[in-house]
$ cat upload_13.tsv   # TSV, C-alpha atoms
chain	number	residue	atom	x	y	z
E	118	HIS	CA	64.52	-25.11	-66.58
E	119	ALA	CA	63.31	-27.33	-63.79
E	120	ASP	CA	66.18	-28.46	-61.60
E	121	GLU	CA	66.48	-32.16	-62.42
E	122	SER	CA	68.80	-33.06	-59.55
E	123	SER	CA	66.49	-31.94	-56.76
E	124	GLY	CA	63.26	-32.44	-58.66
E	125	ARG	CA	62.25	-28.93	-57.65
E	126	LYS	CA	60.92	-26.51	-60.20
E	127	SER	CA	63.41	-23.72	-59.72
E	128	TYR	CA	63.81	-20.71	-61.98
E	129	SER	CA	66.41	-17.96	-61.82
E	130	ARG	CA	65.41	-14.32	-61.60
E	131	ASP	CA	66.79	-13.61	-65.07
E	132	PHE	CA	64.78	-16.47	-66.56
E	133	LEU	CA	61.56	-15.35	-64.83
E	134	LEU	CA	62.11	-11.76	-65.98
E	135	THR	CA	62.07	-12.85	-69.64
E	136	PHE	CA	58.33	-13.52	-69.25
E	137	ALA	CA	57.46	-10.11	-67.82
E	138	GLU	CA	56.53	-8.43	-71.07
E	139	GLN	CA	54.53	-11.30	-72.57
E	140	CYS	CA	51.99	-11.77	-69.80
E	141	THR	CA	49.96	-8.60	-69.65
E	142	TYR	CA	46.40	-9.92	-69.67
E	143	LEU	CA	44.67	-10.84	-66.44
E	144	PRO	CA	44.65	-14.60	-65.77
E	145	VAL	CA	41.70	-16.60	-67.10
E	146	GLY	CA	38.92	-16.63	-64.50
E	147	PHE	CA	40.25	-13.61	-62.62
E	148	GLU	CA	37.65	-11.85	-60.51
E	149	ILE	CA	37.96	-9.35	-57.73
E	150	GLY	CA	35.80	-7.91	-54.97
E	151	SER	CA	34.53	-4.37	-55.44
E	152	ASP	CA	35.86	-3.54	-51.96
E	153	ILE	CA	39.51	-3.87	-53.00
E	154	ALA	CA	39.45	-3.49	-56.79
E	155	ASP	CA	40.18	0.24	-56.99
E	156	ALA	CA	42.92	0.25	-54.38
E	157	LEU	CA	44.74	-2.78	-55.77
E	158	MET	CA	44.34	-2.90	-59.53
E	159	SER	CA	46.57	-0.82	-61.77
E	160	VAL	CA	44.34	-1.39	-64.79
E	161	PRO	CA	40.77	-0.08	-65.18
E	162	VAL	CA	38.65	-2.51	-63.19
E	163	GLY	CA	36.18	-2.65	-66.08
E	164	THR	CA	38.55	-5.20	-67.66
E	165	ALA	CA	38.11	-7.63	-64.76
E	166	HIS	CA	35.07	-9.35	-63.36
E	167	VAL	CA	34.19	-7.32	-60.28
E	168	PHE	CA	31.76	-8.75	-57.77
E	169	ASP	CA	30.06	-7.15	-54.82
E	170	ARG	CA	31.15	-8.75	-51.60
E	171	GLU	CA	28.57	-9.39	-48.92
E	172	PRO	CA	29.19	-7.13	-45.94
E	173	TYR	CA	30.72	-9.05	-43.05
C	48	GLU	CA	37.19	-20.61	-86.51
C	49	ALA	CA	40.80	-20.05	-85.48
C	50	GLU	CA	42.28	-21.86	-82.49
C	51	PRO	CA	42.10	-19.54	-79.47
C	52	ALA	CA	45.49	-18.15	-78.58
C	53	ALA	CA	45.08	-19.34	-75.01
C	54	GLY	CA	44.94	-22.94	-76.21
C	55	ILE	CA	48.34	-22.77	-77.86
C	56	HIS	CA	49.78	-20.80	-74.99
C	57	HIS	CA	48.62	-23.37	-72.50
C	58	GLN	CA	51.12	-25.99	-73.66
C	59	GLN	CA	54.03	-23.70	-72.93
C	60	LEU	CA	53.14	-22.74	-69.37
C	61	HIS	CA	55.90	-23.05	-66.79
C	62	PRO	CA	54.62	-24.66	-63.57
C	63	LEU	CA	55.89	-23.41	-60.22
C	64	GLU	CA	56.92	-25.70	-57.37
C	65	TYR	CA	54.09	-24.30	-55.22
C	66	ALA	CA	50.79	-22.56	-55.88
C	67	TRP	CA	50.81	-19.04	-54.38
C	68	LYS	CA	48.10	-16.58	-53.51
C	69	PHE	CA	48.04	-12.80	-53.32
C	70	TRP	CA	46.07	-11.24	-50.47
C	71	PHE	CA	45.27	-7.58	-49.95
C	72	ASP	CA	44.38	-5.52	-46.91
C	73	ASN	CA	42.78	-2.23	-47.91
C	74	PRO	CA	43.14	0.53	-45.31
C	75	SER	CA	39.67	1.89	-46.00
C	76	LEU	CA	38.22	-1.49	-44.94
C	77	LYS	CA	40.66	-1.93	-42.07
C	78	SER	CA	39.38	1.20	-40.39
C	79	LYS	CA	35.85	-0.25	-40.29
C	80	GLN	CA	36.89	-3.50	-38.63
C	81	THR	CA	37.65	-4.05	-34.99
C	82	ALA	CA	39.32	-7.47	-35.21
C	83	TRP	CA	42.79	-7.65	-36.74
C	84	GLY	CA	42.77	-9.53	-40.01
C	85	ALA	CA	39.04	-9.15	-40.58
C	86	SER	CA	39.55	-6.95	-43.64
C	87	ILE	CA	42.19	-9.04	-45.40
C	88	ARG	CA	40.96	-10.39	-48.76
C	89	PRO	CA	42.30	-13.20	-50.95
C	90	VAL	CA	42.96	-11.89	-54.46
C	91	HIS	CA	43.95	-14.77	-56.74
C	92	THR	CA	45.93	-18.01	-56.79
C	93	PHE	CA	48.63	-18.70	-59.37
C	94	SER	CA	50.79	-21.73	-60.05
C	95	THR	CA	52.61	-20.88	-63.27
C	96	VAL	CA	55.24	-18.32	-64.21
C	97	GLU	CA	52.84	-16.86	-66.75
C	98	ASP	CA	49.96	-16.37	-64.29
C	99	PHE	CA	52.32	-14.72	-61.82
C	100	TRP	CA	53.20	-12.04	-64.38
C	101	SER	CA	49.58	-11.70	-65.50
C	102	LEU	CA	48.69	-10.75	-61.94
C	103	TYR	CA	51.79	-8.77	-61.09
C	104	ASN	CA	51.45	-6.64	-64.25
C	105	ASN	CA	47.88	-5.68	-63.39
C	106	ILE	CA	48.17	-4.82	-59.72
C	107	HIS	CA	49.83	-1.81	-58.14
C	108	HIS	CA	53.44	-2.08	-57.09
C	109	PRO	CA	54.14	-0.93	-53.53
C	110	SER	CA	55.02	2.67	-54.49
C	111	LYS	CA	51.53	3.09	-56.00
C	112	LEU	CA	49.56	1.52	-53.14
C	113	VAL	CA	47.82	3.80	-50.66
C	114	VAL	CA	49.35	4.34	-47.24
C	115	GLY	CA	48.14	1.68	-44.83
C	116	ALA	CA	47.83	-1.05	-47.45
C	117	ASP	CA	49.31	-4.54	-47.02
C	118	LEU	CA	49.96	-6.78	-50.01
C	119	TYR	CA	50.75	-10.43	-49.30
C	120	CYS	CA	51.99	-13.31	-51.44
C	121	PHE	CA	51.77	-16.61	-49.55
C	122	LYS	CA	51.79	-20.28	-50.40
C	123	ASP	CA	48.25	-21.15	-51.40
C	124	THR	CA	47.56	-23.39	-48.40
C	125	ILE	CA	48.82	-20.90	-45.77
C	126	GLU	CA	46.82	-17.95	-44.49
C	127	PRO	CA	48.93	-14.86	-43.79
C	128	LYS	CA	47.98	-14.79	-40.12
C	129	TRP	CA	49.92	-15.57	-36.96
C	130	GLU	CA	47.19	-18.03	-36.02
C	131	ASP	CA	47.56	-20.13	-39.16
C	132	PRO	CA	48.71	-23.60	-38.04
C	133	VAL	CA	51.79	-23.40	-40.29
C	134	CYS	CA	52.68	-19.86	-39.18
C	135	GLN	CA	52.01	-20.05	-35.47
C	136	ASN	CA	55.52	-21.16	-34.47
C	137	GLY	CA	57.12	-18.94	-37.08
C	138	GLY	CA	58.54	-15.50	-37.42
C	139	ASN	CA	59.70	-13.01	-39.98
C	140	TRP	CA	62.71	-11.19	-41.39
C	141	THR	CA	62.02	-7.55	-42.28
C	142	ILE	CA	63.67	-5.02	-44.56
C	143	ASN	CA	62.77	-1.33	-44.26
C	144	CYS	CA	62.78	1.05	-47.22
C	145	PRO	CA	61.88	4.70	-47.62
C	146	ARG	CA	58.35	5.25	-49.00
C	147	GLY	CA	58.25	4.59	-52.74
C	148	LYS	CA	61.55	2.71	-52.87
C	149	SER	CA	60.61	-0.94	-52.35
C	150	ASP	CA	59.25	-1.90	-55.79
C	151	THR	CA	62.39	-3.64	-57.03
C	152	MET	CA	63.09	-5.40	-53.73
C	153	TRP	CA	59.47	-6.57	-53.58
C	154	LEU	CA	59.65	-7.99	-57.10
C	155	TYR	CA	63.00	-9.68	-56.47
C	156	THR	CA	61.63	-11.16	-53.24
C	157	LEU	CA	58.62	-12.59	-55.08
C	158	LEU	CA	60.75	-13.98	-57.91
C	159	ALA	CA	63.16	-15.63	-55.46
C	160	MET	CA	60.28	-17.29	-53.59
C	161	ILE	CA	58.27	-18.53	-56.55
C	162	GLY	CA	61.42	-19.53	-58.46
C	163	GLU	CA	62.62	-21.62	-55.48
C	164	GLN	CA	65.91	-19.75	-55.12
C	165	PHE	CA	66.14	-20.19	-51.34
C	166	ASP	CA	67.96	-23.30	-50.09
C	167	ASN	CA	65.29	-23.54	-47.38
C	168	GLY	CA	62.36	-22.62	-49.58
C	169	ASP	CA	60.18	-25.23	-47.88
C	170	GLU	CA	60.49	-23.23	-44.65
C	171	ILE	CA	59.05	-20.07	-46.21
C	172	CYS	CA	55.35	-19.21	-45.78
C	173	GLY	CA	55.27	-16.09	-47.92
C	174	ALA	CA	56.07	-12.39	-48.04
C	175	VAL	CA	54.24	-9.15	-47.30
C	176	VAL	CA	54.83	-5.49	-48.07
C	177	ASN	CA	53.38	-3.00	-45.58
C	178	VAL	CA	52.97	0.48	-47.06
C	179	ARG	CA	53.21	3.19	-44.44
C	180	GLY	CA	53.53	6.96	-44.43
C	181	LYS	CA	57.29	7.19	-44.25
C	182	GLN	CA	58.39	3.70	-45.18
C	183	GLU	CA	57.63	0.44	-46.90
C	184	ARG	CA	58.46	-2.76	-45.02
C	185	ILE	CA	59.00	-6.08	-46.73
C	186	SER	CA	58.88	-9.21	-44.57
C	187	ILE	CA	59.44	-12.88	-45.29
C	188	TRP	CA	57.47	-15.19	-43.00
C	189	THR	CA	58.94	-18.55	-42.09
C	190	LYS	CA	57.62	-21.63	-40.29
C	191	ASN	CA	59.97	-22.67	-37.49
C	192	ALA	CA	61.33	-19.60	-35.77
C	193	ALA	CA	63.28	-21.63	-33.21
C	194	ASN	CA	65.42	-23.20	-35.94
C	195	GLU	CA	68.11	-20.55	-35.93
C	196	ALA	CA	70.34	-22.03	-38.63
C	197	THR	CA	67.45	-22.13	-41.11
C	198	GLN	CA	66.42	-18.57	-40.36
C	199	LEU	CA	69.97	-17.27	-40.69
C	200	SER	CA	70.35	-19.05	-44.02
C	201	ILE	CA	67.14	-17.50	-45.35
C	202	GLY	CA	68.03	-14.02	-44.07
C	203	LYS	CA	71.54	-14.19	-45.48
C	204	GLN	CA	70.38	-15.37	-48.91
C	205	TRP	CA	67.63	-12.77	-49.01
C	206	LYS	CA	70.06	-9.91	-48.37
C	207	GLU	CA	72.42	-11.23	-51.04
C	208	MET	CA	69.60	-11.50	-53.59
C	209	LEU	CA	68.51	-7.93	-52.93
C	210	ASP	CA	72.07	-6.62	-52.63
C	211	TYR	CA	71.00	-5.18	-49.26
C	212	ASN	CA	73.86	-4.36	-46.90
C	213	GLU	CA	72.22	-3.07	-43.74
C	214	GLN	CA	71.45	-5.28	-40.76
C	215	ILE	CA	68.08	-6.98	-40.67
C	216	GLY	CA	66.26	-8.59	-37.76
C	217	PHE	CA	64.15	-11.70	-37.25
C	218	ILE	CA	61.14	-11.49	-34.94
C	219	PHE	CA	59.21	-14.44	-33.51
C	220	HIS	CA	55.43	-14.10	-34.08
C	221	ASP	CA	54.98	-15.25	-30.49
C	222	ASP	CA	57.04	-12.31	-29.19
C	223	ALA	CA	55.23	-9.86	-31.49
C	224	LYS	CA	51.90	-11.10	-30.13
C	225	LYS	CA	52.96	-10.62	-26.51
C	226	LEU	CA	55.06	-7.48	-26.79
C	227	GLY	CA	53.56	-5.53	-29.69
C	228	ARG	CA	55.67	-2.59	-30.77
C	229	SER	CA	58.33	-3.13	-28.13
C	230	VAL	CA	59.25	-6.52	-29.61
C	231	LYS	CA	62.97	-7.17	-30.14
C	232	SER	CA	64.67	-9.20	-32.85
C	233	LYS	CA	65.86	-12.66	-31.79
C	234	TYR	CA	68.34	-12.96	-34.65
C	235	THR	CA	70.13	-10.35	-36.69
C	236	ILE	CA	72.25	-10.72	-39.78
$ encode --input "upload_13.tsv" --output "structure tokens"
Amino acid sequence: HADESSGRKSYSRDFLLTFAEQCTYLPVGFEIGSDIADALMSVPVGTAHVFDREPY
Amino acid sequence: EAEPAAGIHHQQLHPLEYAWKFWFDNPSLKSKQTAWGASIRPVHTFSTVEDFWSLYNNIHHPSKLVVGADLYCFKDTIEPKWEDPVCQNGGNWTINCPRGKSDTMWLYTLLAMIGEQFDNGDEICGAVVNVRGKQERISIWTKNAANEATQLSIGKQWKEMLDYNEQIGFIFHDDAKKLGRSVKSKYTI
């Protein structure tokens, strides 16, 4: 699906949407700071690697 | 032992033209900071179609984010700040939606950016959704605000992609910095 003429990797919305249902697991290596995990994640944060961020 | 599923999957990944990064600004942290931008946190970088969905499917969509939150998706090398060297001469188009109504427009904006559907995709820095009490605002940040033709092209395409018919405005970051809330749009489409 890459656009050969321009050499750019372009994908239509319809093509991208066909992947929506297959990719439900968090990406490999995903980790998230405890200071944003609850507000951002829609899944229980126990499934991700949560780290404590040093206070600024 | 069986081959891990991830190993097979890996060969079929669809690479994106750019690597992108989500950033999140949590209102409960914002309130503790004095300097703007001090509470913004990088979330994760992705560079394949599959990793985009893996992130998108596990984070809240705008309607489920708390009021005051900002969710950004920017090219990996660009920080979503006016001071970023790539952003500093830029500006942004903004679409306003009632609270709870921007989820589809946010998704379509992300898909158009990462799928390189804009003719001037190289001029785009990223997008942000600002969740506020009465509305959700989606903005696309671009690099060279003074280049009117490029901005108009991006704004026009964006509206077509979202099937959005109301007028939208383009604000220069420089003006926003100087004028704050009284800033006026330089271009409208």
$ closest_residue --input "upload_13.tsv" --among "E:Leu134, E:Leu143, E:Val167, E:Ser151" --to "chain C" --atoms "only C-alpha atoms"
E:Leu143
$ closest_atom_pairs --input "upload_13.tsv" --of "chain C" --to "chain E" --cutoff "10 Å" --atoms "all atoms listed in the file" --output "Markdown table"
| residue | atom | partner | partner_atom | distance |
| --- | --- | --- | --- | --- |
| C:Ala53 | CA | E:Val145 | CA | 9.0 |
| C:His61 | CA | E:His118 | CA | 8.9 |
| C:Pro62 | CA | E:Lys126 | CA | 7.4 |
| C:Leu63 | CA | E:Lys126 | CA | 5.9 |
| C:Glu64 | CA | E:Lys126 | CA | 5.0 |
| C:Tyr65 | CA | E:Lys126 | CA | 8.7 |
| C:Phe71 | CA | E:Ile153 | CA | 7.5 |
| C:Asp72 | CA | E:Ile153 | CA | 8.0 |
| C:Asn73 | CA | E:Ile153 | CA | 6.3 |
| C:Pro74 | CA | E:Ala156 | CA | 9.1 |
| C:Ser75 | CA | E:Asp152 | CA | 8.9 |
| C:Leu76 | CA | E:Asp152 | CA | 7.7 |
| C:Gln80 | CA | E:Tyr173 | CA | 9.4 |
| C:Ala85 | CA | E:Tyr173 | CA | 8.7 |
| C:Ser86 | CA | E:Tyr173 | CA | 9.1 |
| C:Ile87 | CA | E:Ile153 | CA | 9.6 |
| C:Arg88 | CA | E:Ile153 | CA | 7.9 |
| C:Pro89 | CA | E:Ile149 | CA | 8.9 |
| C:Val90 | CA | E:Ile149 | CA | 6.5 |
| C:His91 | CA | E:Phe147 | CA | 7.0 |
| C:Thr92 | CA | E:Phe147 | CA | 9.3 |
| C:Phe93 | CA | E:Pro144 | CA | 8.6 |
| C:Val96 | CA | E:Leu133 | CA | 7.0 |
| C:Glu97 | CA | E:Cys140 | CA | 6.0 |
| C:Asp98 | CA | E:Pro144 | CA | 5.8 |
| C:Phe99 | CA | E:Cys140 | CA | 8.5 |
| C:Trp100 | CA | E:Cys140 | CA | 5.6 |
| C:Ser101 | CA | E:Cys140 | CA | 4.9 |
| C:Leu102 | CA | E:Leu143 | CA | 6.0 |
| C:Tyr103 | CA | E:Thr141 | CA | 8.8 |
| C:Asn104 | CA | E:Thr141 | CA | 5.9 |
| C:Asn105 | CA | E:Ser159 | CA | 5.3 |
| C:Ile106 | CA | E:Met158 | CA | 4.3 |
| C:His107 | CA | E:Ser159 | CA | 5.0 |
| C:His108 | CA | E:Ser159 | CA | 8.4 |
| C:Pro109 | CA | E:Leu157 | CA | 9.8 |
| C:Lys111 | CA | E:Ser159 | CA | 8.6 |
| C:Leu112 | CA | E:Ala156 | CA | 6.9 |
| C:Val113 | CA | E:Ala156 | CA | 7.1 |
| C:Ala116 | CA | E:Ala156 | CA | 8.6 |
| C:Leu118 | CA | E:Leu157 | CA | 8.7 |
| C:Leu154 | CA | E:Arg130 | CA | 9.7 |
| C:Tyr155 | CA | E:Arg130 | CA | 7.3 |
| C:Thr156 | CA | E:Arg130 | CA | 9.7 |
| C:Leu157 | CA | E:Arg130 | CA | 9.6 |
| C:Leu158 | CA | E:Arg130 | CA | 6.0 |
| C:Ala159 | CA | E:Arg130 | CA | 6.7 |
| C:Met160 | CA | E:Ser127 | CA | 9.4 |
| C:Ile161 | CA | E:Ser127 | CA | 8.0 |
| C:Gly162 | CA | E:Tyr128 | CA | 4.4 |
| C:Glu163 | CA | E:Ser127 | CA | 4.8 |
| C:Gln164 | CA | E:Ser127 | CA | 6.6 |
| C:Phe165 | CA | E:Ser127 | CA | 9.5 |
| C:Met208 | CA | E:Arg130 | CA | 9.5 |
$ atom_distance --input "upload_13.tsv" --atom1 "CA of Gly115 (chain C)" --atom2 "CA of Trp83 (chain C)"
13.5 Å
$ residues_around --input "upload_13.tsv" --residues "Lys233 (chain C)" --least-positions-apart "2" --cutoff "10 Å" --atoms "only C-alpha atoms" --output "PyMOL selection string"
chain C and resi 138+192-193+195+216-219+222+230-231+235
$ write_last_selection --input "upload_13.tsv" --atoms "C-alpha atoms" --output "short mmCIF file (atom, residue, chain, number, x, y, z; two decimals), keeping the file's coordinate frame"
data_model
loop_
_atom_site.label_atom_id
_atom_site.label_comp_id
_atom_site.auth_asym_id
_atom_site.auth_seq_id
_atom_site.Cartn_x
_atom_site.Cartn_y
_atom_site.Cartn_z
CA GLY C 138 58.54 -15.50 -37.42
CA ALA C 192 61.33 -19.60 -35.77
CA ALA C 193 63.28 -21.63 -33.21
CA GLU C 195 68.11 -20.55 -35.93
CA GLY C 216 66.26 -8.59 -37.76
CA PHE C 217 64.15 -11.70 -37.25
CA ILE C 218 61.14 -11.49 -34.94
CA PHE C 219 59.21 -14.44 -33.51
CA ASP C 222 57.04 -12.31 -29.19
CA VAL C 230 59.25 -6.52 -29.61
CA LYS C 231 62.97 -7.17 -30.14
CA THR C 235 70.13 -10.35 -36.69
#
$ closest_residue --input "upload_13.tsv" --among "C:Trp70, C:Trp205, C:Ser200, C:Ala174" --to "Trp188 (chain C)" --atoms "all atoms listed in the file"
C:Ala174
$ closest_residue --input "upload_13.tsv" --among "C:Lys224, C:Lys148, C:Lys190, C:Arg179" --to "Asn167 (chain C)" --atoms "all atoms listed in the file"
C:Lys190
$ atom_distance --input "upload_13.tsv" --atom1 "CA of Asn212 (chain C)" --atom2 "CA of Asn143 (chain C)"
11.8 Å
$ axis_aligned_box --input "upload_13.tsv" --around "region 146-158 of chain E" --padding-each-side "5 Å" --output "lines of an AutoDock Vina configuration file"
center_x = 39.6
center_y = -8.2
center_z = -58.2
size_x = 20.2
size_y = 26.9
size_z = 22.5
$ atom_distance --input "upload_13.tsv" --atom1 "CA of Arg228 (chain C)" --atom2 "CA of Phe69 (chain C)"
25.9 Å
